[in-house]
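> Have a look at this one.
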Amino acid sequence: MASLTLTRTQRRRTSLGIQYGIFAVIVLLFALSADWKQLGASFFRLDIAASLFPDIITVALRNTAVFTLLSFIFGLAVGLLIALMRLSRVPPYRWLGTIYVEIFRGLPALLWLFMVAYAVPTAFPEYQIAGGVYGQVTIGLGMPAAAYMSETIRAGIPAVPKGQVEAARSLGMSGTRAMLSIVLPQAFRIVIPPLTNEIILLVKDSSLAYVLGVTATSIELTKFGSDQVNARVNPTPLVIAGLCYLIICLPLSQLVQRLERRYQKSR
């Protein structure tokens with residue numbers, strides 16, 4: 001039996017060794033066949049990359065972060081309301097919440113940005129969305145995000161043990177007070193990892209702000225990179241813009257993993 005176990009271990013190690021070897025050969029062939037000089041001249045021009053600073057950080061990266069944060073806060077507030085509506089005992093509230101989720105999940109965010117920027121001012125010319133481009137992006141990206149967040153929150157609320165709600169009610173708390181003080185804090189603790197994933201999606205969706213006709217002060221990373229590509233006739237600015245997205249998204253991804261491990265340990 002010990003010999004059989006050892007043989008299986010050896011076979012497993014041999015299989016892993018072969019797979020690693022094949023992977024190493026593929027990488028080596030790719031490295032030897034690529035024209036690195038031409039690739040560097042086309043996508044990694046250090047002089048062009050240096051000329052993008054500090055504007056790519058102080059303007060484009062900052063606006064991407066601001067668009068993401070504002071959209072997330074707005075989406076979280078609306079998503080919480082929609083989640084409570086879908087859990088309500090009042091049928092019209094549930095119907096409205098369901099309609100909202102189905103519509104905003106079924107249509108792309110680009111369409112909603114277009115609607116906010118052009119359809120709403122046409123329908124209500126006497127009203128202006130506060131904040132200009134920032135307000136339009138907040139609503140245009142936050143409303144679709146709210147549909148996804150509401151489903152995440154709605155899944156987290158029933159995960160809170162019913163016994164805690166019953167204990168709160170036995171202490172004289174109203175249903176609303178128990179929801180606000182007992183259920184929601186624990187539900188948010190449960191759904192923090194998927195909500196953090198939503199932030200990562202919003203970071204990338206902020207690139208859709210170009211449809212709003214952003215100005216030099218409200219430009220975000222993708223628009224900044226594409227404008228610089230047209231001006232310099234070289235794709236290096238888009239590569240640097242992509243690296244800036246990674247600067248935001250990679251720490252958030254690590255945060256999601258840590259939060260998920262922490263939640264698993266706490267359970």
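Convention: chains lettered A, B, ... in structure tokens order; per-chain residue numbering from 1; ligands numbered from 1 as shown.
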Write out as a compact mmCIF listing (two decimals) with N, CA, C and O atoms, in the first residue's frame the residues lying within 12 Å of Leu46 of chain A, counting only C-alpha atoms and excluding same-chain residues fewer than 4 positions away.

# COMPACT_ATOMS: atom_id res chain seq x y z
N GLY A 40 8.98 47.37 -28.43
CA GLY A 40 9.31 48.49 -27.55
C GLY A 40 9.12 49.83 -28.23
O GLY A 40 8.63 50.79 -27.61
N ALA A 41 9.50 49.92 -29.51
CA ALA A 41 9.35 51.18 -30.24
C ALA A 41 7.88 51.54 -30.46
O ALA A 41 7.53 52.71 -30.55
N SER A 42 7.03 50.53 -30.52
CA SER A 42 5.61 50.77 -30.80
C SER A 42 4.78 50.99 -29.54
O SER A 42 3.87 51.82 -29.53
N ALA A 50 7.05 59.28 -20.34
CA ALA A 50 7.45 60.32 -19.39
C ALA A 50 6.70 61.62 -19.62
O ALA A 50 6.39 62.36 -18.67
N SER A 51 6.37 61.90 -20.90
CA SER A 51 5.69 63.16 -21.19
C SER A 51 4.23 63.16 -20.73
O SER A 51 3.61 64.22 -20.68
N LEU A 52 3.70 61.99 -20.40
CA LEU A 52 2.31 61.92 -19.94
C LEU A 52 2.15 62.37 -18.50
O LEU A 52 1.03 62.69 -18.07
N PHE A 53 3.22 62.37 -17.75
CA PHE A 53 3.16 62.73 -16.34
C PHE A 53 3.38 64.23 -16.20
O PHE A 53 4.13 64.84 -16.97
N ASN A 234 1.19 57.00 -31.57
CA ASN A 234 1.90 55.88 -30.93
C ASN A 234 1.01 55.36 -29.82
O ASN A 234 0.43 56.15 -29.05
N PRO A 235 0.86 54.02 -29.69
CA PRO A 235 -0.05 53.45 -28.69
C PRO A 235 0.49 53.40 -27.26
O PRO A 235 -0.19 52.90 -26.38
N THR A 236 1.69 53.92 -27.05
CA THR A 236 2.26 53.90 -25.69
C THR A 236 1.33 54.51 -24.64
O THR A 236 1.21 53.96 -23.54
N PRO A 237 0.65 55.65 -24.91
CA PRO A 237 -0.25 56.22 -23.88
C PRO A 237 -1.34 55.26 -23.41
O PRO A 237 -1.70 55.26 -22.23
N VAL A 239 -1.04 52.00 -23.25
CA VAL A 239 -0.38 51.03 -22.39
C VAL A 239 -0.20 51.61 -20.98
O VAL A 239 -0.47 50.94 -19.98
N ILE A 240 0.21 52.85 -20.90
CA ILE A 240 0.39 53.50 -19.59
C ILE A 240 -0.95 53.67 -18.89
O ILE A 240 -1.06 53.48 -17.68
> I'd like the contact shell of Leu113 of chain A - 7 Å cut-off, only C-alpha atoms, skipping same-chain residues fewer than 6 positions apart - returned as a list in words.
Val137, Gly140 and Leu141 of chain A
> Can you tell me which residues surround segment 250-252 of chain A at a distance of at most 9 Å, considering only C-alpha atoms, apart from same-chain residues fewer than 6 positions away, and format the answer as number ranges by chain?
A: 196-197, 199-200
> For the structure I just gave you, how does DSSP split segment 159-235 of chain A - specifically, which residues are alpha helix (DSSP H)? Reply as a compact mmCIF listing (two decimals) with N, CA, C and O atoms, in the first residue's frame.

# COMPACT_ATOMS: atom_id res chain seq x y z
N LYS A 162 -32.07 34.19 11.84
CA LYS A 162 -33.37 34.72 12.25
C LYS A 162 -33.48 34.87 13.77
O LYS A 162 -34.23 35.70 14.26
N GLY A 163 -32.70 34.06 14.47
CA GLY A 163 -32.75 34.14 15.92
C GLY A 163 -32.35 35.51 16.45
O GLY A 163 -32.87 35.96 17.49
N GLN A 164 -31.45 36.18 15.76
CA GLN A 164 -31.04 37.51 16.21
C GLN A 164 -32.16 38.52 16.03
O GLN A 164 -32.34 39.41 16.86
N VAL A 165 -32.91 38.39 14.95
CA VAL A 165 -34.05 39.27 14.74
C VAL A 165 -35.12 39.01 15.81
O VAL A 165 -35.71 39.94 16.38
N GLU A 166 -35.35 37.74 16.09
CA GLU A 166 -36.35 37.40 17.10
C GLU A 166 -35.93 37.90 18.47
O GLU A 166 -36.76 38.39 19.25
N ALA A 167 -34.63 37.82 18.78
CA ALA A 167 -34.14 38.33 20.06
C ALA A 167 -34.33 39.84 20.14
O ALA A 167 -34.71 40.38 21.18
N ALA A 168 -34.06 40.54 19.02
CA ALA A 168 -34.24 42.00 19.00
C ALA A 168 -35.70 42.37 19.19
O ALA A 168 -36.02 43.30 19.95
N ARG A 169 -36.60 41.63 18.55
CA ARG A 169 -38.01 41.93 18.69
C ARG A 169 -38.49 41.64 20.10
O ARG A 169 -39.36 42.34 20.65
N SER A 170 -37.92 40.60 20.74
CA SER A 170 -38.32 40.27 22.11
C SER A 170 -37.87 41.34 23.10
O SER A 170 -38.44 41.48 24.18
N GLY A 175 -39.71 46.37 13.94
CA GLY A 175 -39.12 45.69 12.79
C GLY A 175 -38.11 46.56 12.07
O GLY A 175 -37.05 46.09 11.64
N THR A 176 -38.43 47.86 11.95
CA THR A 176 -37.51 48.79 11.28
C THR A 176 -36.23 48.96 12.08
O THR A 176 -35.12 48.94 11.52
N ARG A 177 -36.36 49.12 13.38
CA ARG A 177 -35.18 49.29 14.23
C ARG A 177 -34.31 48.04 14.20
O ARG A 177 -33.07 48.13 14.14
N ALA A 178 -34.92 46.87 14.24
CA ALA A 178 -34.15 45.62 14.19
C ALA A 178 -33.43 45.49 12.85
O ALA A 178 -32.28 45.05 12.80
N LEU A 184 -28.96 44.80 9.03
CA LEU A 184 -28.15 45.41 7.97
C LEU A 184 -26.65 45.45 8.28
O LEU A 184 -25.84 45.16 7.38
N PRO A 185 -26.23 45.79 9.51
CA PRO A 185 -24.77 45.77 9.77
C PRO A 185 -24.14 44.40 9.52
O PRO A 185 -23.04 44.30 8.96
N GLN A 186 -24.84 43.33 9.92
CA GLN A 186 -24.30 41.99 9.70
C GLN A 186 -24.38 41.59 8.23
O GLN A 186 -23.49 40.92 7.70
N ALA A 187 -25.45 42.01 7.56
CA ALA A 187 -25.59 41.69 6.14
C ALA A 187 -24.49 42.34 5.33
O ALA A 187 -23.91 41.72 4.43
N PHE A 188 -24.16 43.59 5.64
CA PHE A 188 -23.10 44.28 4.92
C PHE A 188 -21.75 43.62 5.17
O PHE A 188 -20.90 43.57 4.28
N ARG A 189 -21.56 43.12 6.37
CA ARG A 189 -20.31 42.41 6.67
C ARG A 189 -20.18 41.16 5.79
O ARG A 189 -19.09 40.81 5.35
N ILE A 190 -21.30 40.52 5.51
CA ILE A 190 -21.29 39.32 4.69
C ILE A 190 -21.02 39.65 3.22
O ILE A 190 -20.30 38.93 2.52
N VAL A 191 -21.59 40.75 2.74
CA VAL A 191 -21.54 41.05 1.30
C VAL A 191 -20.42 42.01 0.93
O VAL A 191 -20.36 42.46 -0.22
N ILE A 192 -19.54 42.34 1.85
CA ILE A 192 -18.44 43.26 1.53
C ILE A 192 -17.59 42.75 0.36
O ILE A 192 -17.27 43.52 -0.55
N PRO A 193 -17.17 41.47 0.33
CA PRO A 193 -16.35 41.02 -0.81
C PRO A 193 -17.01 41.23 -2.18
O PRO A 193 -16.39 41.81 -3.07
N PRO A 194 -18.27 40.78 -2.39
CA PRO A 194 -18.87 41.03 -3.71
C PRO A 194 -19.10 42.50 -4.00
O PRO A 194 -19.05 42.93 -5.15
N LEU A 195 -19.35 43.32 -2.97
CA LEU A 195 -19.50 44.75 -3.20
C LEU A 195 -18.18 45.37 -3.63
O LEU A 195 -18.15 46.30 -4.45
N THR A 196 -17.08 44.86 -3.08
CA THR A 196 -15.77 45.35 -3.50
C THR A 196 -15.51 44.98 -4.96
O THR A 196 -14.89 45.75 -5.71
N ASN A 197 -15.97 43.81 -5.38
CA ASN A 197 -15.88 43.45 -6.80
C ASN A 197 -16.63 44.44 -7.67
O ASN A 197 -16.22 44.73 -8.80
N GLU A 198 -17.73 44.95 -7.17
CA GLU A 198 -18.51 45.92 -7.93
C GLU A 198 -17.72 47.21 -8.13
O GLU A 198 -17.83 47.87 -9.18
N ILE A 199 -16.89 47.58 -7.15
CA ILE A 199 -16.03 48.75 -7.31
C ILE A 199 -15.07 48.54 -8.47
O ILE A 199 -14.82 49.44 -9.28
N ILE A 200 -14.50 47.34 -8.57
CA ILE A 200 -13.56 47.04 -9.65
C ILE A 200 -14.26 47.17 -11.00
O ILE A 200 -13.70 47.71 -11.96
N LEU A 201 -15.50 46.68 -11.09
CA LEU A 201 -16.25 46.81 -12.34
C LEU A 201 -16.53 48.27 -12.67
O LEU A 201 -16.47 48.68 -13.84
N LEU A 202 -16.82 49.07 -11.66
CA LEU A 202 -17.08 50.49 -11.89
C LEU A 202 -15.83 51.22 -12.34
O LEU A 202 -15.92 52.19 -13.11
N VAL A 203 -14.66 50.80 -11.85
CA VAL A 203 -13.41 51.42 -12.30
C VAL A 203 -13.30 51.30 -13.82
O VAL A 203 -12.96 52.26 -14.52
N LYS A 204 -13.58 50.11 -14.33
CA LYS A 204 -13.48 49.89 -15.78
C LYS A 204 -14.64 50.54 -16.53
O LYS A 204 -14.45 51.04 -17.64
N ASP A 205 -15.83 50.54 -15.93
CA ASP A 205 -16.98 51.17 -16.60
C ASP A 205 -16.82 52.68 -16.70
O ASP A 205 -17.46 53.31 -17.56
N LEU A 221 -9.04 58.08 -17.70
CA LEU A 221 -7.85 57.41 -18.21
C LEU A 221 -7.96 56.98 -19.67
O LEU A 221 -7.05 57.23 -20.46
N THR A 222 -9.04 56.30 -20.03
CA THR A 222 -9.14 55.79 -21.40
C THR A 222 -9.21 56.91 -22.42
O THR A 222 -8.53 56.87 -23.46
N LYS A 223 -10.02 57.93 -22.15
CA LYS A 223 -10.11 59.07 -23.07
C LYS A 223 -8.78 59.81 -23.13
O LYS A 223 -8.34 60.22 -24.22
N PHE A 224 -8.13 59.97 -22.00
CA PHE A 224 -6.82 60.62 -21.97
C PHE A 224 -5.83 59.84 -22.84
O PHE A 224 -5.10 60.41 -23.65
N GLY A 225 -5.81 58.51 -22.67
CA GLY A 225 -4.89 57.69 -23.44
C GLY A 225 -5.17 57.74 -24.93
O GLY A 225 -4.25 57.86 -25.75
N SER A 226 -6.45 57.65 -25.33
CA SER A 226 -6.79 57.66 -26.75
C SER A 226 -6.47 59.01 -27.39
O SER A 226 -6.01 59.06 -28.54
N ASP A 227 -6.70 60.11 -26.66
CA ASP A 227 -6.35 61.43 -27.19
C ASP A 227 -4.85 61.56 -27.40
O ASP A 227 -4.39 62.12 -28.41
N GLN A 228 -4.08 61.03 -26.46
CA GLN A 228 -2.63 61.09 -26.58
C GLN A 228 -2.13 60.20 -27.71
O GLN A 228 -1.13 60.51 -28.37
N VAL A 229 -2.80 59.07 -27.95
CA VAL A 229 -2.43 58.21 -29.08
C VAL A 229 -2.62 58.95 -30.39
O VAL A 229 -1.76 58.91 -31.29
N ASN A 230 -3.73 59.67 -30.53
CA ASN A 230 -3.98 60.43 -31.75
C ASN A 230 -2.98 61.57 -31.92
O ASN A 230 -2.57 61.88 -33.05
N ALA A 231 -2.60 62.19 -30.80
CA ALA A 231 -1.67 63.32 -30.88
C ALA A 231 -0.25 62.87 -31.18
O ALA A 231 0.50 63.57 -31.88
N ARG A 232 0.17 61.70 -30.69
CA ARG A 232 1.55 61.26 -30.82
C ARG A 232 1.73 60.13 -31.82
O ARG A 232 2.86 59.68 -32.05
> Counting only C-alpha atoms, what are the residues of segment 61-120 of chain A within 9 Å of segment 125-134 of chain A, and for each of them which pair of atoms is the nearest and at what distance in Å, to one decimal? Sort the table by chain and rising number, as CSV.

residue,atom,partner,partner_atom,distance
A:Asn63,CA,A:Tyr134,CA,8.8
A:Val66,CA,A:Tyr134,CA,8.2
A:Phe67,CA,A:Tyr134,CA,6.6
A:Leu70,CA,A:Tyr134,CA,8.1
A:Val116,CA,A:Ile129,CA,8.8
A:Ala117,CA,A:Val133,CA,8.4
A:Val120,CA,A:Pro125,CA,7.9
> If you keep N, CA, C and O atoms, can you produce a file of those selected residues as a PDB file, in the first residue's frame?

ATOM      1  N   ASN A  63      -9.690  61.559 -11.893  1.00  0.00           N
ATOM      2  CA  ASN A  63     -11.083  61.572 -12.336  1.00  0.00           C
ATOM      3  C   ASN A  63     -11.668  60.170 -12.400  1.00  0.00           C
ATOM      4  O   ASN A  63     -12.843  59.971 -12.063  1.00  0.00           O
ATOM      5  N   VAL A  66     -12.548  59.358  -8.893  1.00  0.00           N
ATOM      6  CA  VAL A  66     -13.709  60.140  -8.442  1.00  0.00           C
ATOM      7  C   VAL A  66     -14.990  59.598  -9.066  1.00  0.00           C
ATOM      8  O   VAL A  66     -16.007  59.424  -8.375  1.00  0.00           O
ATOM      9  N   PHE A  67     -14.969  59.320 -10.379  1.00  0.00           N
ATOM     10  CA  PHE A  67     -16.148  58.741 -11.039  1.00  0.00           C
ATOM     11  C   PHE A  67     -16.551  57.427 -10.362  1.00  0.00           C
ATOM     12  O   PHE A  67     -17.735  57.164 -10.132  1.00  0.00           O
ATOM     13  N   LEU A  70     -17.975  58.099  -6.636  1.00  0.00           N
ATOM     14  CA  LEU A  70     -19.304  58.708  -6.642  1.00  0.00           C
ATOM     15  C   LEU A  70     -20.364  57.723  -7.140  1.00  0.00           C
ATOM     16  O   LEU A  70     -21.455  57.633  -6.567  1.00  0.00           O
ATOM     17  N   VAL A 116     -28.847  59.613 -19.773  1.00  0.00           N
ATOM     18  CA  VAL A 116     -28.695  60.659 -18.757  1.00  0.00           C
ATOM     19  C   VAL A 116     -28.154  61.939 -19.376  1.00  0.00           C
ATOM     20  O   VAL A 116     -28.579  63.045 -19.028  1.00  0.00           O
ATOM     21  N   ALA A 117     -27.211  61.798 -20.308  1.00  0.00           N
ATOM     22  CA  ALA A 117     -26.554  62.972 -20.881  1.00  0.00           C
ATOM     23  C   ALA A 117     -27.429  63.697 -21.899  1.00  0.00           C
ATOM     24  O   ALA A 117     -27.361  64.930 -22.004  1.00  0.00           O
ATOM     25  N   VAL A 120     -32.515  62.829 -20.947  1.00  0.00           N
ATOM     26  CA  VAL A 120     -33.107  63.520 -19.794  1.00  0.00           C
ATOM     27  C   VAL A 120     -33.141  65.038 -19.999  1.00  0.00           C
ATOM     28  O   VAL A 120     -34.181  65.680 -19.765  1.00  0.00           O
TER      29      VAL A 120
END
> I'd like the contact shell of Gly142 of chain A - 9 Å cut-off, only C-alpha atoms, skipping same-chain residues fewer than 6 positions apart - returned as an mmCIF file with N, CA, C and O atoms, in the first residue's frame.

data_model
loop_
_atom_site.group_PDB
_atom_site.id
_atom_site.type_symbol
_atom_site.label_atom_id
_atom_site.label_comp_id
_atom_site.auth_asym_id
_atom_site.auth_seq_id
_atom_site.Cartn_x
_atom_site.Cartn_y
_atom_site.Cartn_z
ATOM 1 N N THR A 68 -15.548 56.605 -10.060
ATOM 2 C CA THR A 68 -15.831 55.302 -9.450
ATOM 3 C C THR A 68 -16.438 55.469 -8.069
ATOM 4 O O THR A 68 -17.434 54.821 -7.731
ATOM 5 N N LEU A 70 -17.975 58.099 -6.636
ATOM 6 C CA LEU A 70 -19.304 58.708 -6.642
ATOM 7 C C LEU A 70 -20.364 57.723 -7.140
ATOM 8 O O LEU A 70 -21.455 57.633 -6.567
ATOM 9 N N SER A 71 -20.035 56.977 -8.184
ATOM 10 C CA SER A 71 -20.987 56.001 -8.722
ATOM 11 C C SER A 71 -21.270 54.892 -7.718
ATOM 12 O O SER A 71 -22.409 54.433 -7.590
ATOM 13 N N PHE A 72 -20.224 54.470 -7.005
ATOM 14 C CA PHE A 72 -20.412 53.401 -6.024
ATOM 15 C C PHE A 72 -21.292 53.870 -4.868
ATOM 16 O O PHE A 72 -22.196 53.141 -4.440
ATOM 17 N N ILE A 73 -21.038 55.060 -4.354
ATOM 18 C CA ILE A 73 -21.839 55.572 -3.238
ATOM 19 C C ILE A 73 -23.308 55.715 -3.651
ATOM 20 O O ILE A 73 -24.220 55.308 -2.927
ATOM 21 N N PHE A 74 -23.524 56.298 -4.825
ATOM 22 C CA PHE A 74 -24.895 56.453 -5.325
ATOM 23 C C PHE A 74 -25.545 55.092 -5.553
ATOM 24 O O PHE A 74 -26.693 54.853 -5.156
ATOM 25 N N GLY A 75 -24.810 54.182 -6.190
ATOM 26 C CA GLY A 75 -25.356 52.855 -6.458
ATOM 27 C C GLY A 75 -25.650 52.075 -5.195
ATOM 28 O O GLY A 75 -26.643 51.338 -5.123
ATOM 29 N N LEU A 76 -24.799 52.224 -4.187
ATOM 30 C CA LEU A 76 -25.016 51.517 -2.929
ATOM 31 C C LEU A 76 -26.273 52.012 -2.230
ATOM 32 O O LEU A 76 -27.062 51.206 -1.699
ATOM 33 N N VAL A 78 -28.938 53.526 -3.625
ATOM 34 C CA VAL A 78 -30.112 53.103 -4.387
ATOM 35 C C VAL A 78 -30.289 51.584 -4.300
ATOM 36 O O VAL A 78 -31.402 51.076 -4.174
ATOM 37 N N LEU A 202 -16.815 49.071 -11.658
ATOM 38 C CA LEU A 202 -17.079 50.487 -11.893
ATOM 39 C C LEU A 202 -15.827 51.225 -12.340
ATOM 40 O O LEU A 202 -15.919 52.191 -13.112
#
> Provide the atom CA of Pro54 of chain A to atom CA of Gln254 of chain A distance in Å, to one decimal place.
26.4 Å
> Atom CA of Leu69 of chain A to atom CA of Ala216 of chain A: how many Å, to one decimal?
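Result for atom CA of Leu69 of chain A versus atom CA of Ala216 of chain A: 19.9 Å, one decimal.
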> So which residues touch segment 96-105 of chain A within 9 Å, counting only C-alpha atoms, skipping near sequence neighbours fewer than 4 positions away, as a list in words?
Leu81, Ile82, Ala83, Leu84, Met85, Arg86, Leu87, Pro91, Pro92, Ala109, Trp112, Met143, Pro144, Ala145, Ala146, Ala147, Tyr148, Ser150 and Glu151 of chain A
> What is the distance, in Å and to one decimal place, between atom CA of Ser207 of chain A and atom CA of Thr64 of chain A?
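Spanning atom CA of Ser207 of chain A to atom CA of Thr64 of chain A is a straight-line distance of 7.7 Å.
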> With distances taken over only C-alpha atoms, which residue among A:Val90, A:Ile157, A:Leu238, A:Leu111 lies nearest Ile48 of chain A?
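Smallest distance to Ile48 of chain A is found for A:Leu238.
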> For a quick check of understanding, using only C-alpha atoms, which of A:Gly156, A:Phe23, A:Ile18, A:Leu243 has the smallest distance to Phe44 of chain A?
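Residue with the minimum atom-to-atom distance to Phe44 of chain A: A:Leu243.
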